[in-house]
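This is my_file01.txt. It holds compact mmCIF, C-alpha atoms.
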```
# COMPACT_ATOMS: atom_id res chain seq x y z
CA MET A 120 96.52 23.64 241.43
CA THR A 121 92.89 24.30 240.60
CA ARG A 122 90.03 25.05 242.87
CA GLY A 123 87.19 22.59 243.29
CA ALA A 124 83.69 22.80 241.89
CA ALA A 125 82.61 24.83 244.92
CA ALA A 126 84.46 27.81 243.43
CA TRP A 127 82.33 27.81 240.31
CA PRO A 128 79.38 30.22 240.13
CA PRO A 129 76.36 28.50 241.76
CA LEU A 130 73.40 27.69 239.57
CA LEU A 131 70.32 29.79 240.15
CA PRO A 132 67.58 27.77 241.95
CA ARG A 133 65.19 28.15 239.02
CA LEU A 134 67.74 26.46 236.72
CA LYS A 135 68.24 23.35 238.84
CA PRO A 136 65.11 21.47 237.62
CA ILE A 137 66.10 22.19 234.02
CA LEU A 138 69.62 20.87 234.51
CA GLU A 139 68.44 17.74 236.34
CA ALA A 140 65.61 16.81 233.96
CA GLU A 141 66.10 13.64 231.92
CA TYR A 142 65.77 15.85 228.86
CA PRO A 143 65.05 19.57 229.24
CA ARG A 144 61.76 20.59 227.63
CA PHE A 145 59.75 23.73 227.06
CA SER A 146 56.17 23.72 228.33
CA ALA A 147 53.22 22.88 226.12
CA ALA A 148 51.99 26.45 226.56
CA GLU A 149 55.30 27.89 225.33
CA MET A 150 55.34 25.59 222.30
CA ALA A 151 51.75 26.56 221.50
CA ARG A 152 52.69 30.24 221.75
CA ARG A 153 55.55 29.75 219.29
CA ARG A 154 53.39 27.87 216.82
CA ALA A 155 50.65 30.50 216.99
CA ALA A 156 53.20 33.23 216.26
CA VAL A 157 54.51 31.33 213.22
CA GLU A 158 51.02 30.59 211.92
CA ALA A 159 50.07 34.27 212.24
CA THR A 160 53.18 35.23 210.27
CA LEU A 161 52.35 32.69 207.56
CA ALA A 162 48.82 34.03 207.29
CA ALA A 163 50.07 37.61 207.01
CA ALA A 164 52.44 36.56 204.21
CA ASP A 165 49.76 34.44 202.47
CA CYS A 166 51.92 31.30 202.81
CA ASP A 167 50.60 27.78 203.32
CA HIS A 168 53.76 26.12 204.66
CA LEU A 169 57.00 26.90 206.48
CA VAL A 170 60.11 24.85 205.68
CA PHE A 171 62.72 25.03 208.44
CA TYR A 172 66.20 23.55 208.48
CA GLY A 173 69.16 22.95 210.75
CA ALA A 174 72.53 21.22 210.46
CA ASN A 175 75.48 20.45 212.69
CA ARG A 176 74.01 22.29 215.69
CA ALA A 177 74.12 25.63 213.85
CA GLY A 178 71.01 27.75 214.30
CA SER A 179 68.05 26.97 216.52
CA ALA A 180 64.94 27.02 214.31
CA VAL A 181 64.34 23.26 214.46
CA GLN A 182 64.56 23.02 218.23
CA TRP A 183 62.57 26.24 218.67
CA LEU A 184 59.68 24.69 216.77
CA THR A 185 59.97 20.98 217.64
CA GLN A 186 62.24 20.56 220.72
CA TRP A 187 64.71 18.45 218.72
CA PRO A 188 68.28 19.85 219.01
CA VAL A 189 69.74 19.16 215.59
CA THR A 190 72.69 16.77 215.36
CA VAL A 191 73.75 16.24 211.74
CA GLU A 192 70.77 17.52 209.79
CA ALA A 193 67.05 18.00 210.23
CA ILE A 194 64.43 19.63 208.06
CA GLY A 195 60.76 20.12 208.81
CA VAL A 196 57.54 21.43 207.37
CA LEU A 197 55.02 23.37 209.44
CA THR A 198 51.51 23.54 208.05
CA PRO A 199 48.77 25.31 210.03
CA ARG A 200 46.28 22.94 211.72
CA GLU A 201 48.44 19.89 210.91
CA ARG A 202 51.25 18.09 212.75
CA ASP A 203 54.75 19.08 211.74
CA ALA A 204 56.71 16.73 209.51
CA LEU A 205 60.32 16.38 210.67
CA PHE A 206 63.03 14.43 208.85
CA VAL A 207 66.33 13.77 210.62
CA GLN A 208 69.77 12.41 209.79
CA TRP A 209 71.02 9.79 210.61
CA ILE A 210 68.71 6.79 211.01
CA ASN A 211 70.00 6.02 214.52
CA HIS A 212 69.10 9.58 215.56
CA ALA A 213 65.42 9.16 214.67
CA PRO A 214 64.34 7.21 217.80
CA LEU A 215 65.46 9.95 220.19
CA ALA A 216 64.06 12.64 217.90
CA LYS A 217 60.67 10.95 218.11
CA ARG A 218 60.81 11.18 221.91
CA LEU A 219 61.88 14.81 222.04
CA ALA A 220 59.82 16.15 219.12
CA ALA A 221 56.74 14.29 220.31
CA GLU A 222 54.25 16.64 218.62
CA ALA A 223 55.75 16.10 215.17
CA GLU A 224 55.67 13.25 212.71
CA VAL A 225 59.33 12.27 212.83
CA ALA A 226 61.03 10.05 210.29
CA TRP A 227 64.49 9.27 209.01
CA GLY A 228 65.23 11.46 205.99
CA GLY A 229 66.75 8.66 203.94
CA GLU A 230 69.73 9.51 201.80
CA SER A 231 68.78 13.20 201.89
CA SER A 232 66.47 14.96 204.33
CA ILE A 233 66.15 17.85 201.89
CA GLY A 234 64.97 15.42 199.20
CA ALA A 235 62.47 13.94 201.61
CA VAL A 236 60.93 17.36 202.11
CA ILE A 237 60.79 18.59 198.42
CA ALA A 238 69.00 22.88 210.57
CA ALA A 239 74.63 28.94 230.39
CA LEU A 240 77.38 26.74 231.15
CA SER A 241 79.64 29.31 229.46
CA ASP A 242 80.11 30.95 232.86
CA ARG A 243 81.43 27.67 234.25
CA GLY A 244 83.93 27.46 231.44
CA MET A 245 85.17 30.95 232.26
CA ALA A 246 85.39 29.98 235.93
CA GLY A 247 87.37 26.88 234.98
CA LEU A 248 89.78 29.10 233.07
CA ARG A 249 90.08 31.65 235.88
CA ASP A 250 90.71 29.00 238.53
CA GLY A 251 93.19 27.06 236.43
CA ILE A 252 95.42 29.87 235.19
CA ALA A 253 98.88 29.32 236.61
CA VAL A 254 102.45 30.12 235.64
CA GLY A 255 103.79 27.36 233.39
CA VAL A 256 100.40 26.15 232.08
CA ASN A 257 100.10 26.31 228.31
CA GLU A 258 97.09 27.44 226.28
CA ARG A 259 96.11 23.89 225.32
CA ALA A 260 95.83 22.98 228.99
CA LEU A 261 93.70 26.08 229.61
CA GLY A 262 91.29 24.88 226.92
CA ASP A 263 91.05 21.54 228.69
CA LEU A 264 90.15 23.31 231.95
CA ILE A 265 87.44 25.30 230.20
CA GLU A 266 85.69 22.30 228.64
CA ARG A 267 86.07 20.14 231.74
CA ALA A 268 84.12 22.71 233.78
CA TYR A 269 80.89 22.22 231.82
CA MET A 270 81.10 18.86 230.03
CA ARG A 271 80.27 17.03 233.28
CA GLU A 272 76.97 18.97 233.43
CA GLY A 273 75.94 18.05 229.89
CA GLY A 274 77.45 21.12 228.23
CA ILE A 275 78.89 21.05 224.73
CA ASN A 276 81.75 23.21 223.50
CA VAL A 277 80.87 25.83 220.90
CA ILE A 278 84.03 27.95 221.01
CA HIS A 279 86.81 28.82 223.41
CA PHE A 280 89.24 31.38 222.04
CA ILE A 281 92.20 32.00 224.35
CA GLY A 282 95.10 34.43 224.23
CA ALA A 283 98.09 35.10 226.48
CA THR A 284 100.81 37.71 226.15
CA SER A 285 103.09 39.75 228.39
CA MET A 286 101.51 42.96 229.63
CA HIS A 287 105.02 44.50 229.60
CA ASP A 288 105.85 43.49 226.02
CA PRO A 289 102.45 42.79 224.45
CA GLN A 290 102.25 41.03 221.09
CA LEU A 291 98.59 39.95 221.01
CA GLY A 292 95.48 42.14 220.98
CA VAL A 293 92.67 39.59 220.70
CA PRO A 294 92.13 35.96 221.79
CA ALA A 295 93.27 33.38 219.23
CA GLN A 296 91.03 30.78 217.60
CA PHE A 297 93.56 27.97 218.07
CA ALA A 298 95.53 27.32 221.25
CA SER A 299 99.32 27.55 221.12
CA THR A 300 101.92 25.80 223.24
CA ARG A 301 103.01 29.11 224.81
CA ARG A 302 103.18 28.84 228.59
CA VAL A 303 101.63 31.41 230.89
CA ALA A 304 104.12 33.63 232.73
CA LYS A 305 103.88 36.10 235.58
CA GLY A 306 102.93 39.51 234.21
CA ASP A 307 100.81 38.03 231.40
CA ILE A 308 97.28 38.88 230.43
CA VAL A 309 95.11 35.86 229.69
CA PHE A 310 91.89 36.71 227.89
CA ALA A 311 89.18 34.51 226.46
CA GLU A 312 85.88 34.26 224.61
CA ILE A 313 83.83 31.23 225.66
CA SER A 314 80.57 29.76 224.40
CA ALA A 315 79.16 26.52 225.78
CA ALA A 316 75.79 25.07 224.82
CA PHE A 317 73.19 23.07 226.71
CA TRP A 318 70.70 21.50 224.32
CA ASP A 319 71.45 24.03 221.59
CA HIS A 320 71.06 26.99 223.95
CA SER A 321 74.41 28.70 224.32
CA GLY A 322 75.80 31.75 226.00
CA GLN A 323 78.87 33.83 225.28
CA VAL A 324 81.09 35.45 227.87
CA LEU A 325 84.39 37.32 227.44
CA ARG A 326 86.86 38.27 230.17
CA SER A 327 90.49 39.25 230.85
CA PHE A 328 92.77 38.18 233.71
CA ALA A 329 96.10 39.58 234.93
CA VAL A 330 98.53 36.88 236.04
CA GLY A 331 100.44 37.32 239.28
CA GLU A 332 100.38 41.12 239.46
CA GLU A 333 98.22 44.19 239.04
CA PRO A 334 97.73 45.34 235.43
CA PRO A 335 100.16 48.10 234.41
CA PRO A 336 98.80 51.57 233.49
CA LEU A 337 98.28 50.80 229.79
CA TYR A 338 96.17 47.74 230.52
CA ARG A 339 94.21 49.53 233.22
CA ALA A 340 93.38 52.23 230.66
CA LEU A 341 92.42 49.65 228.01
CA HIS A 342 90.07 47.84 230.36
CA ALA A 343 88.57 51.06 231.70
CA ALA A 344 87.70 52.02 228.11
CA ALA A 345 86.23 48.56 227.49
CA ASP A 346 84.06 48.75 230.62
CA ALA A 347 82.93 52.25 229.68
CA ALA A 348 82.02 51.08 226.17
CA PHE A 349 80.09 48.08 227.48
CA ASP A 350 78.13 50.26 229.91
CA ALA A 351 77.43 52.93 227.28
CA VAL A 352 76.18 50.40 224.74
CA ALA A 353 74.08 48.55 227.33
CA ALA A 354 72.47 51.85 228.34
CA VAL A 355 71.41 52.48 224.73
CA LEU A 356 69.99 49.03 223.98
CA LYS A 357 66.20 48.95 224.17
CA PRO A 358 63.33 48.54 221.73
CA GLY A 359 63.54 51.22 219.04
CA ALA A 360 67.24 51.95 219.53
CA THR A 361 69.24 51.93 216.32
CA PRO A 362 72.60 50.37 215.48
CA ALA A 363 73.90 53.88 214.71
CA GLN A 364 73.19 54.85 218.32
CA VAL A 365 75.20 51.85 219.53
CA VAL A 366 78.20 52.83 217.41
CA GLU A 367 77.94 56.40 218.68
CA ALA A 368 77.78 55.23 222.31
CA ALA A 369 80.93 53.19 221.80
CA GLY A 370 82.81 56.34 220.80
CA VAL A 371 84.29 56.32 224.30
CA ILE A 372 86.82 53.85 222.85
CA GLU A 373 88.15 56.34 220.33
CA ASP A 374 87.90 59.16 222.88
CA ALA A 375 90.39 57.21 225.01
CA GLY A 376 92.78 56.88 222.07
CA PHE A 377 92.08 53.22 221.30
CA THR A 378 90.30 51.12 218.69
CA ILE A 379 88.98 47.52 218.36
CA ILE A 380 89.81 44.36 216.44
CA ASP A 381 86.84 42.08 217.22
CA ASP A 382 83.29 43.16 216.39
CA LEU A 383 81.72 45.41 219.01
CA LEU A 384 78.25 43.80 218.96
CA HIS A 385 76.57 40.93 217.18
CA GLY A 386 73.27 39.14 217.32
CA TYR A 387 73.37 35.72 218.93
CA GLY A 388 71.04 32.76 219.22
CA GLY A 389 72.49 29.49 218.03
CA GLY A 390 74.81 31.39 215.71
CA TYR A 391 76.50 34.68 214.85
CA PHE A 392 73.74 36.88 213.46
CA PRO A 393 73.07 40.48 212.37
CA PRO A 394 73.35 43.18 213.36
CA ILE A 395 77.14 42.94 213.32
CA LEU A 396 78.59 46.27 214.39
CA GLY A 397 82.07 47.69 214.63
CA SER A 398 83.17 51.05 215.98
CA LYS A 399 83.86 54.45 214.44
CA SER A 400 87.52 53.59 213.86
CA ARG A 401 86.92 49.97 212.80
CA PRO A 402 83.58 49.69 210.97
CA ALA A 403 82.05 46.29 210.25
CA GLY A 404 80.43 47.45 207.00
CA PRO A 405 77.36 49.59 206.37
CA ILE A 406 75.44 50.29 209.57
CA PRO A 407 71.98 48.69 209.29
CA ALA A 408 68.92 50.87 209.85
CA GLU A 409 66.64 48.30 211.45
CA PRO A 410 66.04 49.10 215.14
CA PHE A 411 66.48 46.66 217.99
CA GLU A 412 63.40 44.87 219.33
CA ALA A 413 62.45 43.33 222.66
CA GLY A 414 63.32 39.64 222.77
CA MET A 415 66.54 39.98 220.78
CA THR A 416 69.74 38.57 222.26
CA VAL A 417 73.03 40.27 221.45
CA VAL A 418 76.64 39.92 222.56
CA VAL A 419 78.32 43.18 223.53
CA GLN A 420 82.08 42.53 223.49
CA PRO A 421 84.37 45.57 223.50
CA ASN A 422 87.79 44.24 222.46
CA VAL A 423 89.67 47.48 223.12
CA VAL A 424 93.18 47.56 221.66
CA THR A 425 96.04 49.97 221.04
CA ARG A 426 96.20 51.49 217.57
CA ASP A 427 99.01 49.10 216.59
CA GLY A 428 96.93 46.09 217.69
CA LYS A 429 99.64 44.68 219.95
CA ALA A 430 97.94 45.20 223.33
CA GLY A 431 94.28 44.59 224.05
CA VAL A 432 91.64 43.38 226.47
CA GLN A 433 88.38 41.53 226.02
CA THR A 434 85.21 41.84 228.05
CA GLY A 435 81.50 41.38 227.45
CA GLU A 436 78.64 38.91 227.47
CA LEU A 437 75.25 37.91 226.10
CA LEU A 438 72.38 40.31 226.85
CA LEU A 439 68.61 40.04 226.38
CA ILE A 440 66.87 43.18 225.16
CA THR A 441 63.70 43.78 227.16
CA ASN A 442 60.99 46.42 227.07
CA SER A 443 62.86 48.38 229.72
CA GLY A 444 66.47 47.89 228.60
CA VAL A 445 68.72 44.85 228.87
CA GLU A 446 68.94 41.80 231.11
CA ARG A 447 72.25 40.09 231.86
CA LEU A 448 72.20 36.39 230.94
CA HIS A 449 75.50 35.64 232.68
CA SER A 450 76.46 35.72 236.33
CA PHE A 451 80.26 35.58 235.98
CA PRO A 452 81.73 38.70 237.67
CA ARG A 453 82.74 41.57 235.44
CA GLY A 454 86.08 43.32 235.75
CA PHE A 455 89.81 42.79 235.14
CA ALA A 456 90.61 40.22 237.82
CA GLN A 457 94.09 39.34 239.05
CA VAL A 458 94.77 35.59 239.35
```

Kindly transcribe the structure held in the file into structure tokens.
Amino acid sequence: MTRGAAAWPPLLPRLKPILEAEYPRFSAAEMARRRAAVEATLAAADCDHLVFYGANRAGSAVQWLTQWPVTVEAIGVLTPRERDALFVQWINHAPLAKRLAAEAEVAWGGESSIGAVIAALSDRGMAGLRDGIAVGVNERALGDLIERAYMREGGINVIHFIGATSMHDPQLGVPAQFASTRRVAKGDIVFAEISAAFWDHSGQVLRSFAVGEEPPPLYRALHAAADAAFDAVAAVLKPGATPAQVVEAAGVIEDAGFTIIDDLLHGYGGGYFPPILGSKSRPAGPIPAEPFEAGMTVVVQPNVVTRDGKAGVQTGELLLITNSGVERLHSFPRGFAQV
């Protein structure tokens, strides 16, 4: 049995007009602000044109500049004091692109768009998972519950990684990229990483659930370390903070005797972007020196696991870095819930 839509997190009032619009649009003032920022950057670099590209809904540069969420492929040229030129694939996509990217000269790109120029609904998915977890349900069915929770609102699946294993005989430390036919049992942990997009704007939320009973001591300790790491990293993130400070803050994981499998933090905005950071015990490569800036969005996702990798939890979500710290972009409750 699953709960009805009333159990899903309610939409914030300010989001309702966006969701109910025929096509969601940014204001003319916001689009002018973006263009002015790009033109200033071009002038500083002594460049006359900007070529921007998107494909298969990966990345957000095209929509950020034109309001067209890329389907197959789109490539544009921005020239100061002139209308943008935007070429899209395929020909049947051009009519809608002309409506949405109304300030650009939109055309079909022919055989090759490149040649013509010479690429919060995630919370609802997590709620669908939480409310649908039941003994006997397999992972494929859980994926169906996740997508069903946001597809009806115009959401599009980006990823839903799901894992389930016994908390008394754990054999899985991180959610899997492909669903198995394993059925959920009492005493399992079910954990997931979910990203759903609405017009190329996606979130990312990660949570763990205990099935039918309270988590045993090991899992309580794992999740306590994950919560502590999330809070410590979030407290560090602000303009001027460095990736090295983030890794240091996450040392609470190693202090508790654990490590990680998944990356600790990554940039996010239409894709998986730098900085990509691991922890002291599981580095993700050289730690970059560039500091964080206001306006960046990052996913903090402590996947705390035992040293043998057999037991683990997942928590975290997308955060916006502001001048005063971070702002949560998700409303799904934190914590290790029992279902």

- Counting all atoms listed in the file, figure out which residue out of A:Asp288, A:Glu149, A:Glu332, A:Glu258 gets nearest to Lys305 in chain A. A:Glu332

Report as a compact mmCIF listing (two decimals) with C-alpha atoms, in the coordinates of the input all protein, DNA and RNA residues lying within 6 Å of range 431-443 of chain A, evaluated on only C-alpha atoms, omitting residues in the same chain fewer than 3 positions from it.
```
# COMPACT_ATOMS: atom_id res chain seq x y z
CA GLY A 292 95.48 42.14 220.98
CA GLN A 323 78.87 33.83 225.28
CA VAL A 324 81.09 35.45 227.87
CA LEU A 325 84.39 37.32 227.44
CA ARG A 326 86.86 38.27 230.17
CA SER A 327 90.49 39.25 230.85
CA LYS A 357 66.20 48.95 224.17
CA ALA A 413 62.45 43.33 222.66
CA GLY A 414 63.32 39.64 222.77
CA MET A 415 66.54 39.98 220.78
CA THR A 416 69.74 38.57 222.26
CA VAL A 417 73.03 40.27 221.45
CA VAL A 418 76.64 39.92 222.56
CA VAL A 419 78.32 43.18 223.53
CA GLN A 420 82.08 42.53 223.49
CA PRO A 421 84.37 45.57 223.50
CA ASN A 422 87.79 44.24 222.46
CA VAL A 423 89.67 47.48 223.12
CA VAL A 424 93.18 47.56 221.66
CA GLU A 446 68.94 41.80 231.11
CA ARG A 447 72.25 40.09 231.86
CA LEU A 448 72.20 36.39 230.94
```

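Excluding Met286 in chain A and any residue on its chain fewer than 4 positions from it, the residues at most 6 Å away by only C-alpha atoms are Gly306, Asp307 and Ile308 of chain A.
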
- Item | Expected residue set, 12 Å radius at (85.5, 41.4, 239.2), only C-alpha atoms, as number ranges by chain | A: 246, 249, 326-329, 342, 346, 434, 450-458

- Item | Selection near Ala174 in chain A, 7 Å with only C-alpha atoms, sequence-local residues under 6 positions removed, as a list of chain:residue names |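 Contacts, with the query itself left out: A:Val189, A:Thr190, A:Val191, A:Glu192, A:Ala193, A:Ala238.
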
- Query: What gap, in Å, lies between CA of Leu356 in chain A and CA of Leu384 in chain A?
  - Reply: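 So the two atoms, CA of Leu356 in chain A and CA of Leu384 in chain A, lie 11.0 Å apart.
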
- Item | Selected residue, from A:Val445, A:Ala298, A:Ala316, A:Ala216, that lies nearest to Ala360 in chain A when counting all atoms listed in the file |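 Using all atoms listed in the file, Ala360 in chain A sits closest to A:Val445.
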
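Here CA of Asp203 in chain A and CA of His320 in chain A stand 21.9 Å from one another.
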
Write out as a short mmCIF file (atom, residue, chain, number, x, y, z; two decimals) with C-alpha atoms, keeping the file's coordinate frame the residues lying within 12 Å of Leu219 in chain A, counting only C-alpha atoms and excluding same-chain residues fewer than 2 positions away.
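Saved file part11.cif follows:
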```cif
data_model
loop_
_atom_site.label_atom_id
_atom_site.label_comp_id
_atom_site.auth_asym_id
_atom_site.auth_seq_id
_atom_site.Cartn_x
_atom_site.Cartn_y
_atom_site.Cartn_z
CA GLU A 141 66.10 13.64 231.92
CA TYR A 142 65.77 15.85 228.86
CA PRO A 143 65.05 19.57 229.24
CA ARG A 144 61.76 20.59 227.63
CA PHE A 145 59.75 23.73 227.06
CA VAL A 181 64.34 23.26 214.46
CA GLN A 182 64.56 23.02 218.23
CA TRP A 183 62.57 26.24 218.67
CA LEU A 184 59.68 24.69 216.77
CA THR A 185 59.97 20.98 217.64
CA GLN A 186 62.24 20.56 220.72
CA TRP A 187 64.71 18.45 218.72
CA PRO A 188 68.28 19.85 219.01
CA VAL A 189 69.74 19.16 215.59
CA LEU A 205 60.32 16.38 210.67
CA HIS A 212 69.10 9.58 215.56
CA ALA A 213 65.42 9.16 214.67
CA PRO A 214 64.34 7.21 217.80
CA LEU A 215 65.46 9.95 220.19
CA ALA A 216 64.06 12.64 217.90
CA LYS A 217 60.67 10.95 218.11
CA ALA A 221 56.74 14.29 220.31
CA GLU A 222 54.25 16.64 218.62
CA ALA A 223 55.75 16.10 215.17
CA GLU A 224 55.67 13.25 212.71
CA VAL A 225 59.33 12.27 212.83
CA TRP A 318 70.70 21.50 224.32
#
```

- Item | Which of A:Gln290, A:Asn175, A:Thr160, A:Thr378 sits closest to Asp319 in chain A [using only C-alpha atoms] | A:Asn175

- Mind pulling up the distance from CA of Ile194 in chain A to CA of Tyr172 in chain A?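 Computing the Euclidean distance for CA of Tyr172 in chain A and CA of Ile194 in chain A yields 4.3 Å.
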
- Message: Nearest residue to Ser285 in chain A out of A:Ala430, A:Ile313, A:Leu138, A:Gln364, using all atoms listed in the file?
- Response: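 Smallest distance to Ser285 in chain A is found for A:Ala430.
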
- Spatial neighbours of Ala268 in chain A, max dist 7 Å, all atoms listed in the file, sep filter under 5 positions, as a list in words: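 Selected residues are Arg243, Gly244 and Gly247 of chain A.
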
- Select, from A:Phe171, A:Phe377, A:Tyr387, A:Phe297, the residue with the minimum atom-to-atom distance to Leu337 in chain A, counting all atoms listed in the file.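 Checking each candidate against Leu337 in chain A, we get A:Phe377 as the closest.
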
- Item | Closest of A:Glu412, A:Asp165, A:Glu266, A:Glu158 to Leu197 in chain A - atom-to-atom distances counting all atoms listed in the file |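 For Leu197 in chain A, the nearest of the candidates is A:Glu158.
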